[in-house]
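Written below as C-alpha cells is the structure these notes are about.
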Amino acid sequence: MLRAVNEDNGSAGPAPRCPPSVRLGGLQIAQVSMDAAADSFIAHALAARDGAPRPYYSTSANGQVIAMCRADARFRALMHEADEIHADGMPMVLISRMRSTTPISERVATTDLVHAVARRAESEGVSFYFLGGSEEVNRRAVEAMRAAYPGLTFAGRRNGYFTPEEEERVVADIREARPDILWIGLGFPLEQAFVKRNLDRFTGVGVVKTAGGLFDFLSGKNARAPLWMQKAGLEWLHRMCLEPRRLARRYLVTNPVAIYALLRNSD
C-alpha cells in the first residue's frame, strides 16, 4: 500500500498528504490531476526544507509496468514502495472510467508533469536534479529546460551510466547538491530498485520522481506522439513505429496482459 505522509514534519504547518488512490491493474493509482500533482510536488519540496525524515517518492505506471508487475511479484513490490503512483497511460484512465466509482480524472504523464512542475518551481525557487540518460541526452535535456524556464534552478545533473561500485559516489553527490526535486530516468525497474536502495539516504532532497525515458524526450532524441494520439491512448503505437525493433515485441506481449489486468483487477 502507499504510505500516508500525514505527520507533522517540524514545520509550522502539517506536512502535505498523499492523494487518495484507486486500484487499477492491481496497483493503487493516485486520483490526482496534472495541476494537483504539480502543486503537491512543490508543497512537498518546500516542506522538506524544514527537515523531513525522507523524500516524498512518486513513480508512474503504464501498460508495460502493469504487465510486468502481474508477471513478477518482485516488480510489484518495488512499485508498492512509492508514496504515490501516477497513471502514465490513457488506457488506465479510460478503464478507470468504466470500472471505478471514483475514476482518475486524467493521465499524469511524466513528460507533461515535468513542465507543470517547472513552471511552479521557477516562482518558488525549487531546484531540480536530472539523473539518467547518456551524457549527451542528459546535458541536452537540462539545456532545453533552462531555455524553456530561465528562472529554473538546477542543483546538478548526472548521466545514468555508473557501476554498482560508483553508486555510493552518485548518491553522495546528490545528497551534497540537496536538490528539491530529483528526477531519475534509469528505466523500469532499474530506477525503482535504485530508489529502494537509496531513498532513506537522500537527506535534504524533497521529492524523488522516477522519470523513465523523460530525458530522451526533453533532449529531442525522441519525439512525442501527435496530441490526438496521446488523447486516444495511442502514444505507445507512435513509439513502436519510431522504434519497431526495440518496442514491437514488447508492446505486442505486454499490451494484452495489461488490458486483462486492468479489466480484472480494478475497482
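Residue names in the C-alpha cells use chain letters A, B, ... in the order shown, residue numbers from 1 in each chain, and ligand numbers from 1 in the order shown.
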DSSP strand (DSSP E or B) residues within stretch 154-216 of chain A, as a PyMOL selection string | chain A and resi 154-158+181-185+207-210
Write down as a ChimeraX atom specification the residues belonging to stretch 54-259 of chain A that are assigned helix (DSSP H, G or I) by DSSP computed on the backbone.
-> /A:63-71,73-79,90-99,110-124,135-148,164-177,190-201,214-218,227-231,235-242,244-259
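Of the listed residues (A:Ile104, A:Met79, A:Leu152, A:Ala225), A:Met79 comes nearest to A:Ile66; the distances count only C-alpha atoms.
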I'd like the neighbourhood of A:Arg99 as a compact mmCIF listing (two decimals) with C-alpha atoms, in the first residue's frame, where a residue qualifies if any of its atoms comes within 10 Å (using only C-alpha atoms), though same-chain residues fewer than 5 positions away should be ignored.
```txt
# COMPACT_ATOMS: atom_id res chain seq x y z
CA ARG A 23 -6.93 0.17 -7.65
CA LEU A 24 -6.10 -0.25 -11.34
CA LEU A 94 -10.34 5.05 -19.84
CA LEU A 262 -6.87 -3.63 -15.89
CA LEU A 263 -10.21 -5.27 -16.61
CA ARG A 264 -9.87 -7.99 -13.93
CA ASN A 265 -8.01 -6.18 -11.14
CA SER A 266 -9.57 -2.72 -10.99
CA ASP A 267 -12.30 -1.26 -8.84
```
Excluding A:Glu106 and residues on its chain fewer than 4 positions from it, collect all residues at most 12 Å away from it, counting only C-alpha atoms, and give them as JSON, numbers by chain.
-> {"A": [29, 30, 31, 32, 33, 34, 35, 36, 37, 86, 87, 88, 89, 90, 91, 92, 93, 94, 95, 96, 97, 112, 113, 230, 231, 233]}
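Considering only C-alpha atoms, the residue among A:Pro53, A:Pro103, A:Gly133, A:Pro16 positioned nearest to A:Lys221 is A:Gly133.
If you measure from each of A:Ala148, A:Cys69, A:Ala38, A:Met240 to A:Ala109 using only C-alpha atoms, the closest one turns out to be A:Ala38.
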Using only C-alpha atoms, I'd like a table of the residues in stretch 42-87 of chain A that come within 12 Å of stretch 122-130 of chain A; for each, show the closest atom pair and its distance in Å rounded to one decimal, ordered by chain and ascending number, as CSV.
```
residue,atom,partner,partner_atom,distance
A:Ile42,CA,A:Val126,CA,7.2
A:Ala43,CA,A:Glu124,CA,9.9
A:His44,CA,A:Val126,CA,10.5
A:Ala45,CA,A:Val126,CA,7.2
A:Leu46,CA,A:Val126,CA,7.5
A:Ala47,CA,A:Val126,CA,11.2
A:Ala48,CA,A:Val126,CA,11.2
A:Arg49,CA,A:Val126,CA,10.4
```
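Minimum atom-to-atom distances from A:Ala223, A:Leu182, A:Cys18, A:Leu252 to A:Thr111 were compared using only C-alpha atoms, and the lowest value belongs to A:Ala223.
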A:Val65 surroundings by only C-alpha atoms, 10 Å radius, close-in-sequence under 4 positions cut, as an NGL selection string | :A and (25 or 27 or 60-61 or 69-71 or 75-76 or 79 or 88 or 188-189 or 254 or 258)
Would you save the residues from that selection as a PDB file, in the first residue's frame, using N, CA and C atoms?
```
ATOM      1  N   GLY A  25      -5.438  -2.375 -12.276  1.00  0.00           N
ATOM      2  CA  GLY A  25      -4.475  -3.396 -12.668  1.00  0.00           C
ATOM      3  C   GLY A  25      -3.702  -3.973 -11.513  1.00  0.00           C
ATOM      4  N   LEU A  27      -2.579  -2.180  -8.942  1.00  0.00           N
ATOM      5  CA  LEU A  27      -1.770  -1.146  -8.305  1.00  0.00           C
ATOM      6  C   LEU A  27      -2.666  -0.011  -7.822  1.00  0.00           C
ATOM      7  N   SER A  60       5.434   6.146 -11.559  1.00  0.00           N
ATOM      8  CA  SER A  60       4.353   6.092 -12.547  1.00  0.00           C
ATOM      9  C   SER A  60       4.183   4.677 -13.068  1.00  0.00           C
ATOM     10  N   ALA A  61       2.982   4.400 -13.579  1.00  0.00           N
ATOM     11  CA  ALA A  61       2.679   3.097 -14.162  1.00  0.00           C
ATOM     12  C   ALA A  61       2.026   3.285 -15.524  1.00  0.00           C
ATOM     13  N   CYS A  69       4.394  -6.176 -13.492  1.00  0.00           N
ATOM     14  CA  CYS A  69       4.020  -6.394 -12.088  1.00  0.00           C
ATOM     15  C   CYS A  69       3.130  -7.620 -11.945  1.00  0.00           C
ATOM     16  N   ARG A  70       2.280  -7.857 -12.924  1.00  0.00           N
ATOM     17  CA  ARG A  70       1.422  -9.033 -12.881  1.00  0.00           C
ATOM     18  C   ARG A  70       2.249 -10.314 -12.999  1.00  0.00           C
ATOM     19  N   ALA A  71       3.333 -10.255 -13.766  1.00  0.00           N
ATOM     20  CA  ALA A  71       4.148 -11.440 -14.011  1.00  0.00           C
ATOM     21  C   ALA A  71       5.182 -11.697 -12.922  1.00  0.00           C
ATOM     22  N   PHE A  75       8.705  -7.037  -8.986  1.00  0.00           N
ATOM     23  CA  PHE A  75       8.415  -5.744  -9.593  1.00  0.00           C
ATOM     24  C   PHE A  75       7.242  -5.077  -8.875  1.00  0.00           C
ATOM     25  N   ARG A  76       6.224  -5.877  -8.555  1.00  0.00           N
ATOM     26  CA  ARG A  76       5.059  -5.351  -7.875  1.00  0.00           C
ATOM     27  C   ARG A  76       5.453  -4.771  -6.512  1.00  0.00           C
ATOM     28  N   MET A  79       7.002  -1.333  -6.847  1.00  0.00           N
ATOM     29  CA  MET A  79       6.022  -0.274  -7.062  1.00  0.00           C
ATOM     30  C   MET A  79       5.313   0.108  -5.768  1.00  0.00           C
ATOM     31  N   ASP A  88       0.373   6.903 -16.066  1.00  0.00           N
ATOM     32  CA  ASP A  88       1.100   7.417 -17.230  1.00  0.00           C
ATOM     33  C   ASP A  88       0.666   6.652 -18.475  1.00  0.00           C
ATOM     34  N   PHE A 188      12.370   1.443 -16.078  1.00  0.00           N
ATOM     35  CA  PHE A 188      11.770   0.458 -15.172  1.00  0.00           C
ATOM     36  C   PHE A 188      12.371  -0.919 -15.446  1.00  0.00           C
ATOM     37  N   PRO A 189      12.749  -1.675 -14.404  1.00  0.00           N
ATOM     38  CA  PRO A 189      12.617  -1.400 -12.967  1.00  0.00           C
ATOM     39  C   PRO A 189      13.894  -0.903 -12.303  1.00  0.00           C
ATOM     40  N   THR A 254       3.041  -7.175 -23.933  1.00  0.00           N
ATOM     41  CA  THR A 254       2.576  -6.577 -22.683  1.00  0.00           C
ATOM     42  C   THR A 254       1.184  -5.956 -22.776  1.00  0.00           C
ATOM     43  N   ALA A 258      -1.670  -6.300 -19.962  1.00  0.00           N
ATOM     44  CA  ALA A 258      -2.049  -5.110 -19.210  1.00  0.00           C
ATOM     45  C   ALA A 258      -3.549  -4.864 -19.276  1.00  0.00           C
TER      46      ALA A 258
END
```
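From atom CA of A:Thr210 back to atom CA of A:Val142, the distance works out to 16.2 Å.
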